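K.L.:
Got a structure for you, written out below as structure tokens; questions coming shortly.
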Amino acid sequence: MNVQNLNSFDPFAEEGDLLKDTDNVGSQQNYLHVRVQQRNGRKTLTTLQGLPKEYDPKKLLKAFKKEFACNGTLVDDEELGQVIQLQGDQRLKISSFLIDEGIPKGMIKIHGF
């Protein structure tokens, strides 16, 4: 009795590595992610991550706080780098502000409800 399933056969061995020349397939590295998080009750928190190196996050945070009349902070994360957090749902305001500053609209991903 010969059972085919018990043999060590790799059906993809002859294809080789299809992703050998593409780095970070499905990576979200080149996008700016604007997310909203629910805190407690009606309170929300807006986060901005993936900011390019040429933008100073401290100056950008100061401009956000002044423009949107909300408080905010800069958080260091091991995986995500520096993340800007703002009080309230500021997703559309952040998006329009960044587009006005010269960041292409296709680079900004808005997440949330």
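Each chain of the structure tokens is named A, B, ... in the order shown, its residues numbered from 1; ligands are numbered from 1 in display order.
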Run DSSP on the backbone and grab whatever in stretch 57-106 of chain A lands in strand (DSSP E or B); send it over as a list of chain:residue names.
P.N.:
A:Gly72, A:Thr73, A:Leu74, A:Val75, A:Asp76, A:Asp77, A:Gly81, A:Gln82, A:Val83, A:Ile84, A:Gln85, A:Leu86, A:Gln87
K.L.:
Applying 10 Å and only C-alpha atoms, which residues near A:Gly112 remain after dropping the ones on its own chain fewer than 5 positions away? List them as a CSV table (one decimal) with all heavy atoms, in the first residue's frame.
P.N.:
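Output saved as selection_5.csv:
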chain,number,residue,atom,x,y,z
A,34,VAL,N,-2.6,57.5,8.9
A,34,VAL,CA,-3.4,58.3,9.8
A,34,VAL,C,-4.5,57.5,10.4
A,34,VAL,O,-5.4,57.0,9.6
A,34,VAL,CB,-3.9,59.6,9.1
A,34,VAL,CG1,-4.6,60.5,10.1
A,34,VAL,CG2,-2.8,60.4,8.4
A,35,ARG,N,-4.4,57.2,11.7
A,35,ARG,CA,-5.4,56.3,12.3
A,35,ARG,C,-6.1,57.0,13.4
A,35,ARG,O,-5.6,58.0,14.0
A,35,ARG,CB,-4.7,55.1,12.9
A,35,ARG,CG,-4.2,54.2,11.8
A,35,ARG,CD,-3.6,52.9,12.5
A,35,ARG,NE,-3.3,51.9,11.5
A,35,ARG,CZ,-2.1,51.8,10.9
A,35,ARG,NH1,-1.1,52.6,11.3
A,35,ARG,NH2,-1.8,50.9,10.0
A,36,VAL,N,-7.3,56.5,13.7
A,36,VAL,CA,-8.1,57.0,14.9
A,36,VAL,C,-8.3,55.9,15.8
A,36,VAL,O,-8.6,54.8,15.4
A,36,VAL,CB,-9.4,57.7,14.5
A,36,VAL,CG1,-10.4,56.8,13.9
A,36,VAL,CG2,-10.0,58.4,15.6
A,37,GLN,N,-8.1,56.1,17.1
A,37,GLN,CA,-8.3,55.1,18.1
A,37,GLN,C,-9.4,55.6,19.1
A,37,GLN,O,-9.3,56.7,19.6
A,37,GLN,CB,-7.0,54.8,18.9
A,37,GLN,CG,-6.0,54.2,18.0
A,37,GLN,CD,-4.6,54.0,18.7
A,37,GLN,OE1,-4.5,54.5,19.8
A,37,GLN,NE2,-3.7,53.4,18.1
A,38,GLN,N,-10.3,54.7,19.5
A,38,GLN,CA,-11.3,55.0,20.5
A,38,GLN,C,-10.6,54.9,21.9
A,38,GLN,O,-10.0,53.9,22.2
A,38,GLN,CB,-12.4,54.1,20.4
A,38,GLN,CG,-13.6,54.5,21.3
A,38,GLN,CD,-14.4,55.7,20.7
A,38,GLN,OE1,-14.4,55.8,19.5
A,38,GLN,NE2,-14.9,56.5,21.5
A,46,THR,N,-5.9,60.5,17.5
A,46,THR,CA,-5.5,60.3,16.2
A,46,THR,C,-4.0,60.1,16.2
A,46,THR,O,-3.3,60.9,16.8
A,46,THR,CB,-5.9,61.6,15.4
A,46,THR,OG1,-7.3,61.8,15.5
A,46,THR,CG2,-5.5,61.4,13.9
A,89,ASP,N,-10.6,63.5,16.7
A,89,ASP,CA,-10.6,62.9,15.4
A,89,ASP,C,-10.1,64.0,14.4
A,89,ASP,O,-10.8,64.8,14.0
A,89,ASP,CB,-11.9,62.4,15.0
A,89,ASP,CG,-11.9,61.6,13.7
A,89,ASP,OD1,-10.9,61.4,13.1
A,89,ASP,OD2,-13.0,61.2,13.3
A,91,ARG,N,-8.3,63.2,11.5
A,91,ARG,CA,-7.8,62.5,10.3
A,91,ARG,C,-7.8,63.4,9.0
A,91,ARG,O,-6.9,63.5,8.3
A,91,ARG,CB,-8.6,61.3,10.1
A,91,ARG,CG,-8.3,60.2,11.1
A,91,ARG,CD,-9.2,59.0,10.9
A,91,ARG,NE,-10.6,59.4,11.2
A,91,ARG,CZ,-11.6,58.7,11.0
A,91,ARG,NH1,-11.5,57.5,10.4
A,91,ARG,NH2,-12.8,59.1,11.3
K.L.:
Atom CA of A:Gln49 and atom CA of A:Ile108 are how many Å apart?
P.N.:
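According to the coordinates, atom CA of A:Gln49 and atom CA of A:Ile108 are separated by 10.1 Å.
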K.L.:
Pick out the residues sitting within 8 Å of A:His33, and hand them over as a list of chain:residue names; count only C-alpha atoms, and ignore anything fewer than 3 positions along from it in its own chain.
P.N.:
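After dropping sequence-adjacent residues, the list is A:Thr47, A:Leu48, A:Gln49, A:Gly50, A:Ile108, A:Lys109, A:Ile110, A:His111.
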K.L.:
Between atom CA of A:Cys70 and atom CA of A:Gln90, measure the distance and give it in Å to one decimal.
P.N.:
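We find that atom CA of A:Cys70 and atom CA of A:Gln90 lie 9.1 Å from each other.
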K.L.:
When you draw a straight line from atom CA of A:Gly81 to atom CA of A:Lys59, how long is it in Å?
P.N.:
16.3 Å
K.L.:
Rank nothing, just name the residue among A:Leu80, A:Leu86, A:Val75, A:Leu60 nearest to A:Leu98, using only C-alpha atoms.
P.N.:
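Looking only at the distances to A:Leu98, the closest residue turns out to be A:Leu60.
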K.L.:
Measuring atom to atom with only C-alpha atoms, identify which of A:Glu79, A:Thr73, A:Phe68, A:Lys58 is nearest to A:Leu92.
P.N.:
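Counting only C-alpha atoms, the residue closest to A:Leu92 is A:Phe68.
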K.L.:
From a DSSP pass on the backbone, collect the residues of stretch 25-71 of chain A flagged as helix (DSSP H, G or I) and hand them back as number ranges by chain.
P.N.:
A: 57-68
K.L.:
Let me make sure I understand: among A:Asp77, A:Tyr55, A:Arg42, A:Ser95, which one has the smallest atom-to-atom distance to A:Met107 if we use only C-alpha atoms?
P.N.:
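Among A:Asp77, A:Tyr55, A:Arg42, A:Ser95, it is A:Ser95 that comes nearest to A:Met107.
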